[in-house]
Amino acid sequence: MNKFRIQGGQRLHGTVAVRGGKNAAVAVLSAALLCDEPVTIENLPKIEDIHHLTIMMRELGARVMHTGRSMTIDPTDFRPGQVTEQYARSMRASYYLLGAMLGKYGRGNMPYPGGCDIGSRAIDQHVKGFGALGATITSEHGQLVGRSLGLKGAEVYFDFPTVGATVNVMLAACRAAGSSTIVNAAKEPHIVDVANFLNAMGASIKGAGTDIIRIKGVESLHGCSYAIIPDQIETGTLMVAAAATRGDVTILGAIPTHMEALSAKLLEMGAHVQEGVGQDSIRVWSDGNHRHVNIKTLPYPGFPTDLQQPMSVLLTTARGISVINETIYEARFKHLEEATRMGASVRINDRLAMIEGVQKLSGCPVAANDLRAGAALVIAGLMAEGITVVDNVRFIDRGYENFEQKLSSLGAKIERIP
């Protein structure tokens with residue numbers, strides 16, 4: 001099992017590029033299985049979740065050719081079937097394969113999904129959505145089993161905005177008979193990306209990015225070529241790392257409008273954020289003299305829960321007391337328990353974390369317990385005095401491509417060790 005060894009105290013400086021978004025890519029690849037012809041997906045990140053999803057698609061009969069950042073998927077022989085439970089449970093997004101099976105064949109089964117241990121992540125809204133379209137979802141021998149006599153368009157009302165269920169219902173509804181409406185839909189950028197991809201194949205989806213999505217089912221989808229949007233969370237992680245190290249970093253390939261909630265908080269702290277002129281880029285620089293801020297995580301366009309963890313580490317050395325209200329997942333402060341071993345002053349009460357800024361962090365061995373927590377602890381190591389060793393790097397590899405190499409290119413002293 002690999003670890004990162006970090007020599008703290010180095011300012012990040014320079015230019016770095018972000019790649020296609022993890023959350024968009026896993027949904028778009030699953031959506032490709034709904035097509036009746038080959039499709040090509042560009043700007044894919046080189047991460048473990050993509051590798052595992054590729055294996056599962058092949059297990060279901062799809063022919064997949066992966067070259068660099070491009071993948072061609074021929075779903076002609078895709079059929080509902082069994083996938084290896086190990087891969088299904090390695091990621092949350094494996095449940096999109098069930099949406100693709102139901103959309104194309106009206107039936108399918110998948111092992112329960114896995115992913116990071118960040119709290120309760122129920123699938124009841126997925127079941128509710130599929131049920132409204134005419135599918136029955138049961139649990140049999142550790143599998144989610146979906147059956148229908150043919151999906152039919154319907155109105156689906158979610159009890160709260162949920163990205164996973166919004167994507168899954170879009171996948172199923174775009175080939176159902178008749179029209180569907182998703183009310184209280186999630187509005188994240190990757191929801192829009194999946195809808196754009198489906199429309200590029202001939203689907204009829206309107207309203208993605210708002211809380212009401214309207215879908216007219218079609219009988220077939222045709223091939224296309226499509227590029228994944230840049231990774232919002234990788235962009236944000238690098239923005240936080242720049243501020244945390246008193247650095248000056250320009251991030252290329254980013255979409256500034258996706259980062260407005262984070263940019264606002266960095267500016268409020270006293271860091272500087274500048275959008276690129278004439279290109280998709282963001283520059284972040286700071287002298288390290290940060291003020292405390294309060295953060296409440298919310299569905300998009302609110303502050304992303306996936307950036308709460310990197311941001312909370314940055315706040316450990318900000319002047320005053322910062323309060324973070326984590327409204328999305330109840331178990332997303334475990335990284336702060338590790339940060340206290342580095343000298344952070346943190347009090348946690350259920351979904352509230354109160355962080356009193358200290359003068360500095362001190363390097364020590366820490367362990368990641370999930371994807372974004374891993375990235376946050378790397379940032380803590382970059383901030384800290386001395387050596388930090390971050391264990392469980394496998395979590396980071398699920399969602400960040402060559403993370404240590406990108407940081408090294410900006411001047412960080414970080415290496416992967418066995």
# chains A, B, ... in the order shown; residues from 1 in each chain; ligands from 1
$ select_by_dssp --residues "segment 123-367 of chain A" --states "helix (DSSP H, G or I)" --output "PyMOL selection string"
chain A and resi 124-132+163-173+189-200+232-244+256-269+305-317+334-340
$ write_last_selection --atoms "C-alpha atoms" --output "PDB file, in the first residue's frame"
ATOM      1  CA  ASP A 124     -34.116   5.338  -1.625  1.00  0.00           C
ATOM      2  CA  GLN A 125     -34.493   8.241  -4.072  1.00  0.00           C
ATOM      3  CA  HIS A 126     -33.106   6.048  -6.884  1.00  0.00           C
ATOM      4  CA  VAL A 127     -35.657   3.367  -6.026  1.00  0.00           C
ATOM      5  CA  LYS A 128     -38.413   5.993  -5.854  1.00  0.00           C
ATOM      6  CA  GLY A 129     -37.468   7.387  -9.264  1.00  0.00           C
ATOM      7  CA  PHE A 130     -37.210   4.015 -10.972  1.00  0.00           C
ATOM      8  CA  GLY A 131     -40.517   3.029  -9.387  1.00  0.00           C
ATOM      9  CA  ALA A 132     -42.272   6.081 -10.809  1.00  0.00           C
ATOM     10  CA  VAL A 163     -26.968  13.975  -7.916  1.00  0.00           C
ATOM     11  CA  GLY A 164     -26.885  10.180  -8.180  1.00  0.00           C
ATOM     12  CA  ALA A 165     -30.636   9.714  -8.417  1.00  0.00           C
ATOM     13  CA  THR A 166     -31.000  12.624 -10.857  1.00  0.00           C
ATOM     14  CA  VAL A 167     -28.476  11.029 -13.213  1.00  0.00           C
ATOM     15  CA  ASN A 168     -29.934   7.540 -12.840  1.00  0.00           C
ATOM     16  CA  VAL A 169     -33.498   8.670 -13.583  1.00  0.00           C
ATOM     17  CA  MET A 170     -32.249  10.658 -16.610  1.00  0.00           C
ATOM     18  CA  LEU A 171     -30.557   7.521 -17.942  1.00  0.00           C
ATOM     19  CA  ALA A 172     -33.660   5.405 -17.524  1.00  0.00           C
ATOM     20  CA  ALA A 173     -36.178   8.031 -18.656  1.00  0.00           C
ATOM     21  CA  PRO A 189     -22.299  20.950 -13.487  1.00  0.00           C
ATOM     22  CA  HIS A 190     -21.934  17.237 -14.170  1.00  0.00           C
ATOM     23  CA  ILE A 191     -25.731  16.876 -14.328  1.00  0.00           C
ATOM     24  CA  VAL A 192     -25.639  19.341 -17.224  1.00  0.00           C
ATOM     25  CA  ASP A 193     -22.719  17.463 -18.783  1.00  0.00           C
ATOM     26  CA  VAL A 194     -24.580  14.143 -18.761  1.00  0.00           C
ATOM     27  CA  ALA A 195     -27.684  15.782 -20.258  1.00  0.00           C
ATOM     28  CA  ASN A 196     -25.582  17.431 -22.980  1.00  0.00           C
ATOM     29  CA  PHE A 197     -23.995  14.094 -23.819  1.00  0.00           C
ATOM     30  CA  LEU A 198     -27.346  12.311 -24.007  1.00  0.00           C
ATOM     31  CA  ASN A 199     -28.696  15.090 -26.228  1.00  0.00           C
ATOM     32  CA  ALA A 200     -25.639  14.756 -28.469  1.00  0.00           C
ATOM     33  CA  GLN A 232     -14.637  21.106 -10.509  1.00  0.00           C
ATOM     34  CA  ILE A 233     -13.294  19.427  -7.363  1.00  0.00           C
ATOM     35  CA  GLU A 234      -9.723  19.003  -8.629  1.00  0.00           C
ATOM     36  CA  THR A 235      -9.788  22.691  -9.559  1.00  0.00           C
ATOM     37  CA  GLY A 236     -10.988  23.622  -6.078  1.00  0.00           C
ATOM     38  CA  THR A 237      -8.436  21.403  -4.363  1.00  0.00           C
ATOM     39  CA  LEU A 238      -5.604  23.088  -6.260  1.00  0.00           C
ATOM     40  CA  MET A 239      -7.049  26.528  -5.478  1.00  0.00           C
ATOM     41  CA  VAL A 240      -7.066  25.720  -1.765  1.00  0.00           C
ATOM     42  CA  ALA A 241      -3.542  24.270  -1.947  1.00  0.00           C
ATOM     43  CA  ALA A 242      -2.264  27.487  -3.524  1.00  0.00           C
ATOM     44  CA  ALA A 243      -3.734  29.618  -0.736  1.00  0.00           C
ATOM     45  CA  ALA A 244      -2.661  27.180   1.996  1.00  0.00           C
ATOM     46  CA  PRO A 256     -14.515  29.843 -13.204  1.00  0.00           C
ATOM     47  CA  THR A 257     -18.319  29.961 -12.948  1.00  0.00           C
ATOM     48  CA  HIS A 258     -18.276  26.462 -11.405  1.00  0.00           C
ATOM     49  CA  MET A 259     -15.966  27.737  -8.655  1.00  0.00           C
ATOM     50  CA  GLU A 260     -17.878  30.816  -7.486  1.00  0.00           C
ATOM     51  CA  ALA A 261     -18.809  29.466  -4.029  1.00  0.00           C
ATOM     52  CA  LEU A 262     -15.189  28.559  -3.241  1.00  0.00           C
ATOM     53  CA  SER A 263     -13.770  31.726  -4.800  1.00  0.00           C
ATOM     54  CA  ALA A 264     -16.061  33.845  -2.622  1.00  0.00           C
ATOM     55  CA  LYS A 265     -14.790  32.163   0.567  1.00  0.00           C
ATOM     56  CA  LEU A 266     -11.138  32.444  -0.437  1.00  0.00           C
ATOM     57  CA  LEU A 267     -11.624  36.154  -1.121  1.00  0.00           C
ATOM     58  CA  GLU A 268     -13.408  36.536   2.220  1.00  0.00           C
ATOM     59  CA  MET A 269     -10.394  34.936   3.936  1.00  0.00           C
ATOM     60  CA  THR A 305     -19.319  19.152   0.372  1.00  0.00           C
ATOM     61  CA  ASP A 306     -16.393  17.695  -1.601  1.00  0.00           C
ATOM     62  CA  LEU A 307     -14.409  20.914  -0.987  1.00  0.00           C
ATOM     63  CA  GLN A 308     -15.326  21.210   2.676  1.00  0.00           C
ATOM     64  CA  GLN A 309     -12.476  18.915   3.684  1.00  0.00           C
ATOM     65  CA  PRO A 310      -9.628  20.745   1.887  1.00  0.00           C
ATOM     66  CA  MET A 311     -11.071  24.089   2.981  1.00  0.00           C
ATOM     67  CA  SER A 312     -11.399  23.080   6.634  1.00  0.00           C
ATOM     68  CA  VAL A 313      -7.706  22.173   6.714  1.00  0.00           C
ATOM     69  CA  LEU A 314      -6.838  25.612   5.328  1.00  0.00           C
ATOM     70  CA  LEU A 315      -8.888  27.174   8.135  1.00  0.00           C
ATOM     71  CA  THR A 316      -6.788  25.471  10.838  1.00  0.00           C
ATOM     72  CA  THR A 317      -4.244  28.314  10.591  1.00  0.00           C
ATOM     73  CA  LYS A 334     -12.819  12.407  10.237  1.00  0.00           C
ATOM     74  CA  HIS A 335      -9.904  14.163   8.520  1.00  0.00           C
ATOM     75  CA  LEU A 336     -10.042  16.858  11.210  1.00  0.00           C
ATOM     76  CA  GLU A 337      -9.395  14.203  13.839  1.00  0.00           C
ATOM     77  CA  GLU A 338      -6.160  13.457  11.969  1.00  0.00           C
ATOM     78  CA  ALA A 339      -5.408  17.185  11.675  1.00  0.00           C
ATOM     79  CA  THR A 340      -5.551  17.531  15.480  1.00  0.00           C
TER      80      THR A 340
END
$ residues_around --residues "Ser90 of chain A" --least-positions-apart "2" --cutoff "10 Å" --atoms "only C-alpha atoms" --output "PDB file with N, CA and C atoms, in the first residue's frame"
ATOM      1  N   GLU A  48      -8.538   5.638 -10.836  1.00  0.00           N
ATOM      2  CA  GLU A  48      -8.957   4.272 -10.561  1.00  0.00           C
ATOM      3  C   GLU A  48     -10.443   4.043 -10.846  1.00  0.00           C
ATOM      4  N   ASP A  49     -11.298   5.021 -10.553  1.00  0.00           N
ATOM      5  CA  ASP A  49     -12.728   4.819 -10.788  1.00  0.00           C
ATOM      6  C   ASP A  49     -13.027   4.554 -12.264  1.00  0.00           C
ATOM      7  N   HIS A  52     -11.930   0.896 -13.046  1.00  0.00           N
ATOM      8  CA  HIS A  52     -12.871  -0.114 -12.547  1.00  0.00           C
ATOM      9  C   HIS A  52     -14.177  -0.102 -13.333  1.00  0.00           C
ATOM     10  N   LEU A  53     -14.655   1.075 -13.713  1.00  0.00           N
ATOM     11  CA  LEU A  53     -15.878   1.148 -14.502  1.00  0.00           C
ATOM     12  C   LEU A  53     -15.679   0.519 -15.881  1.00  0.00           C
ATOM     13  N   GLU A  85     -18.276  -8.021  -7.945  1.00  0.00           N
ATOM     14  CA  GLU A  85     -18.691  -7.227  -6.788  1.00  0.00           C
ATOM     15  C   GLU A  85     -17.564  -6.341  -6.279  1.00  0.00           C
ATOM     16  N   GLN A  86     -16.346  -6.820  -6.367  1.00  0.00           N
ATOM     17  CA  GLN A  86     -15.194  -6.042  -5.900  1.00  0.00           C
ATOM     18  C   GLN A  86     -15.139  -4.676  -6.580  1.00  0.00           C
ATOM     19  N   TYR A  87     -15.377  -4.654  -7.888  1.00  0.00           N
ATOM     20  CA  TYR A  87     -15.305  -3.389  -8.610  1.00  0.00           C
ATOM     21  C   TYR A  87     -16.538  -2.529  -8.347  1.00  0.00           C
ATOM     22  N   ALA A  88     -17.707  -3.164  -8.266  1.00  0.00           N
ATOM     23  CA  ALA A  88     -18.926  -2.407  -7.993  1.00  0.00           C
ATOM     24  C   ALA A  88     -18.844  -1.706  -6.640  1.00  0.00           C
ATOM     25  N   ARG A  92     -18.938   4.572  -5.778  1.00  0.00           N
ATOM     26  CA  ARG A  92     -20.356   4.867  -5.614  1.00  0.00           C
ATOM     27  C   ARG A  92     -21.088   4.836  -6.951  1.00  0.00           C
ATOM     28  N   ALA A  93     -20.440   5.327  -8.004  1.00  0.00           N
ATOM     29  CA  ALA A  93     -21.106   5.527  -9.290  1.00  0.00           C
ATOM     30  C   ALA A  93     -21.412   4.233 -10.041  1.00  0.00           C
ATOM     31  N   SER A  94     -21.055   3.085  -9.480  1.00  0.00           N
ATOM     32  CA  SER A  94     -21.391   1.836 -10.173  1.00  0.00           C
ATOM     33  C   SER A  94     -22.895   1.675 -10.338  1.00  0.00           C
ATOM     34  N   PRO A 113     -23.658  -0.481  -4.325  1.00  0.00           N
ATOM     35  CA  PRO A 113     -22.461   0.328  -4.577  1.00  0.00           C
ATOM     36  C   PRO A 113     -21.667   0.548  -3.305  1.00  0.00           C
ATOM     37  N   GLY A 114     -20.413   0.953  -3.476  1.00  0.00           N
ATOM     38  CA  GLY A 114     -19.553   1.247  -2.330  1.00  0.00           C
ATOM     39  C   GLY A 114     -19.159   2.705  -2.330  1.00  0.00           C
ATOM     40  N   GLY A 115     -17.837   2.968  -2.330  1.00  0.00           N
ATOM     41  CA  GLY A 115     -17.352   4.334  -2.296  1.00  0.00           C
ATOM     42  C   GLY A 115     -16.857   4.716  -0.919  1.00  0.00           C
ATOM     43  N   CYS A 116     -16.713   6.006  -0.695  1.00  0.00           N
ATOM     44  CA  CYS A 116     -16.109   6.513   0.536  1.00  0.00           C
ATOM     45  C   CYS A 116     -17.061   6.419   1.724  1.00  0.00           C
ATOM     46  N   PHE A 395      -7.185   5.881  -1.747  1.00  0.00           N
ATOM     47  CA  PHE A 395      -8.382   6.721  -1.812  1.00  0.00           C
ATOM     48  C   PHE A 395      -8.164   7.897  -2.750  1.00  0.00           C
ATOM     49  N   ARG A 398      -8.342   7.238  -6.490  1.00  0.00           N
ATOM     50  CA  ARG A 398      -9.677   7.037  -7.064  1.00  0.00           C
ATOM     51  C   ARG A 398     -10.152   8.262  -7.835  1.00  0.00           C
TER      52      ARG A 398
END
$ atom_distance --atom1 "atom CA of Lys187 of chain A" --atom2 "atom CA of Ile213 of chain A"
9.6 Å
$ select_by_dssp --residues "segment 49-140 of chain A" --states "strand (DSSP E or B)" --output "ChimeraX atom specification"
/A:63-67,70-74,107-111,136-140
$ write_last_selection --atoms "N, CA and C atoms" --output "PDB file, in the first residue's frame"
ATOM      1  N   ARG A  63     -17.740  -3.366 -25.876  1.00  0.00           N
ATOM      2  CA  ARG A  63     -16.360  -3.368 -26.364  1.00  0.00           C
ATOM      3  C   ARG A  63     -15.784  -1.974 -26.108  1.00  0.00           C
ATOM      4  N   VAL A  64     -14.672  -1.928 -25.394  1.00  0.00           N
ATOM      5  CA  VAL A  64     -14.101  -0.658 -24.963  1.00  0.00           C
ATOM      6  C   VAL A  64     -12.651  -0.585 -25.406  1.00  0.00           C
ATOM      7  N   MET A  65     -12.304   0.506 -26.096  1.00  0.00           N
ATOM      8  CA  MET A  65     -10.911   0.763 -26.485  1.00  0.00           C
ATOM      9  C   MET A  65     -10.488   2.082 -25.840  1.00  0.00           C
ATOM     10  N   HIS A  66      -9.508   1.998 -24.961  1.00  0.00           N
ATOM     11  CA  HIS A  66      -9.067   3.151 -24.170  1.00  0.00           C
ATOM     12  C   HIS A  66      -7.670   3.528 -24.625  1.00  0.00           C
ATOM     13  N   THR A  67      -7.512   4.736 -25.171  1.00  0.00           N
ATOM     14  CA  THR A  67      -6.222   5.220 -25.627  1.00  0.00           C
ATOM     15  C   THR A  67      -5.983   6.603 -25.052  1.00  0.00           C
ATOM     16  N   SER A  70      -8.770   9.250 -24.381  1.00  0.00           N
ATOM     17  CA  SER A  70      -9.917   8.986 -25.243  1.00  0.00           C
ATOM     18  C   SER A  70     -10.388   7.548 -25.069  1.00  0.00           C
ATOM     19  N   MET A  71     -11.697   7.356 -25.083  1.00  0.00           N
ATOM     20  CA  MET A  71     -12.265   6.019 -24.985  1.00  0.00           C
ATOM     21  C   MET A  71     -13.383   5.868 -26.006  1.00  0.00           C
ATOM     22  N   THR A  72     -13.319   4.797 -26.794  1.00  0.00           N
ATOM     23  CA  THR A  72     -14.394   4.458 -27.720  1.00  0.00           C
ATOM     24  C   THR A  72     -15.148   3.259 -27.169  1.00  0.00           C
ATOM     25  N   ILE A  73     -16.458   3.427 -27.053  1.00  0.00           N
ATOM     26  CA  ILE A  73     -17.316   2.389 -26.482  1.00  0.00           C
ATOM     27  C   ILE A  73     -18.298   1.917 -27.534  1.00  0.00           C
ATOM     28  N   ASP A  74     -18.261   0.627 -27.819  1.00  0.00           N
ATOM     29  CA  ASP A  74     -19.235   0.018 -28.723  1.00  0.00           C
ATOM     30  C   ASP A  74     -20.193  -0.800 -27.865  1.00  0.00           C
ATOM     31  N   ARG A 107     -34.644  -3.988 -17.423  1.00  0.00           N
ATOM     32  CA  ARG A 107     -34.292  -4.926 -16.364  1.00  0.00           C
ATOM     33  C   ARG A 107     -32.788  -4.861 -16.119  1.00  0.00           C
ATOM     34  N   GLY A 108     -32.371  -5.375 -14.978  1.00  0.00           N
ATOM     35  CA  GLY A 108     -30.945  -5.421 -14.680  1.00  0.00           C
ATOM     36  C   GLY A 108     -30.713  -5.642 -13.206  1.00  0.00           C
ATOM     37  N   ASN A 109     -29.489  -5.967 -12.863  1.00  0.00           N
ATOM     38  CA  ASN A 109     -29.121  -6.144 -11.459  1.00  0.00           C
ATOM     39  C   ASN A 109     -27.681  -5.713 -11.250  1.00  0.00           C
ATOM     40  N   MET A 110     -27.406  -5.196 -10.053  1.00  0.00           N
ATOM     41  CA  MET A 110     -26.075  -4.716  -9.698  1.00  0.00           C
ATOM     42  C   MET A 110     -25.825  -4.962  -8.225  1.00  0.00           C
ATOM     43  N   PRO A 111     -24.582  -5.277  -7.840  1.00  0.00           N
ATOM     44  CA  PRO A 111     -24.252  -5.303  -6.415  1.00  0.00           C
ATOM     45  C   PRO A 111     -24.463  -3.922  -5.807  1.00  0.00           C
ATOM     46  N   THR A 136     -39.647  -2.122 -10.699  1.00  0.00           N
ATOM     47  CA  THR A 136     -39.645  -2.595  -9.313  1.00  0.00           C
ATOM     48  C   THR A 136     -38.219  -2.939  -8.928  1.00  0.00           C
ATOM     49  N   ILE A 137     -37.719  -2.353  -7.842  1.00  0.00           N
ATOM     50  CA  ILE A 137     -36.356  -2.598  -7.375  1.00  0.00           C
ATOM     51  C   ILE A 137     -36.417  -3.386  -6.080  1.00  0.00           C
ATOM     52  N   THR A 138     -35.798  -4.544  -6.060  1.00  0.00           N
ATOM     53  CA  THR A 138     -35.748  -5.367  -4.852  1.00  0.00           C
ATOM     54  C   THR A 138     -34.300  -5.693  -4.508  1.00  0.00           C
ATOM     55  N   SER A 139     -34.110  -6.144  -3.279  1.00  0.00           N
ATOM     56  CA  SER A 139     -32.796  -6.562  -2.834  1.00  0.00           C
ATOM     57  C   SER A 139     -32.782  -8.076  -2.724  1.00  0.00           C
ATOM     58  N   GLU A 140     -31.901  -8.708  -3.510  1.00  0.00           N
ATOM     59  CA  GLU A 140     -31.842 -10.166  -3.531  1.00  0.00           C
ATOM     60  C   GLU A 140     -30.390 -10.618  -3.497  1.00  0.00           C
TER      61      GLU A 140
END
$ closest_atom_pairs --of "segment 86-136 of chain A" --to "segment 175-181 of chain A" --cutoff "10 Å" --atoms "only C-alpha atoms" --output "CSV"
residue,atom,partner,partner_atom,distance
A:Ala100,CA,A:Arg175,CA,9.5
A:Leu102,CA,A:Ala176,CA,9.1
A:Gly103,CA,A:Arg175,CA,5.5
A:Lys104,CA,A:Arg175,CA,6.6
A:Tyr105,CA,A:Arg175,CA,9.4
A:Gly106,CA,A:Ala176,CA,8.7
A:Ala132,CA,A:Ser180,CA,9.5
A:Leu133,CA,A:Ala176,CA,7.8
A:Gly134,CA,A:Ala176,CA,9.5
$ atom_distance --atom1 "atom CA of Ser345 of chain A" --atom2 "atom CA of Ile321 of chain A"
9.6 Å
$ residues_around --residues "Val26 of chain A" --least-positions-apart "4" --cutoff "7 Å" --atoms "only C-alpha atoms" --output "ChimeraX atom specification"
/A:22,30,50,93
$ atom_distance --atom1 "atom CA of Thr40 of chain A" --atom2 "atom CA of Thr54 of chain A"
13.5 Å
$ residues_around --residues "Ala384 of chain A" --least-positions-apart "4" --cutoff "10 Å" --atoms "only C-alpha atoms" --output "ChimeraX atom specification"
/A:6-10,244-245,342-343,360-364,378-380,388
$ residues_around --residues "Asn349 of chain A" --least-positions-apart "4" --cutoff "10 Å" --atoms "only C-alpha atoms" --output "VMD selection string"
chain A and resid 325 353 to 354
$ closest_residue --among "A:Ala186, A:Leu12, A:Ile123, A:Met1" --to "Ala412 of chain A" --atoms "only C-alpha atoms"
A:Leu12
$ closest_residue --among "A:Gly146, A:Glu401, A:Ser409, A:Ser322" --to "His51 of chain A" --atoms "only C-alpha atoms"
A:Glu401
$ decode --residues "segment 322-337 of chain A" --atoms "C-alpha atoms" --output "compact mmCIF listing (two decimals), in the first residue's frame"
# COMPACT_ATOMS: atom_id res chain seq x y z
CA SER A 322 -14.28 29.31 11.86
CA VAL A 323 -17.51 27.32 11.94
CA ILE A 324 -18.33 24.66 9.35
CA ASN A 325 -21.85 23.27 9.05
CA GLU A 326 -21.77 20.02 7.05
CA THR A 327 -25.36 19.54 5.87
CA ILE A 328 -24.79 16.83 3.25
CA TYR A 329 -22.94 13.95 4.98
CA GLU A 330 -22.80 13.39 8.72
CA ALA A 331 -19.40 11.67 8.85
CA ARG A 332 -17.23 14.08 6.91
CA PHE A 333 -15.04 15.45 9.69
CA LYS A 334 -12.82 12.41 10.24
CA HIS A 335 -9.90 14.16 8.52
CA LEU A 336 -10.04 16.86 11.21
CA GLU A 337 -9.40 14.20 13.84
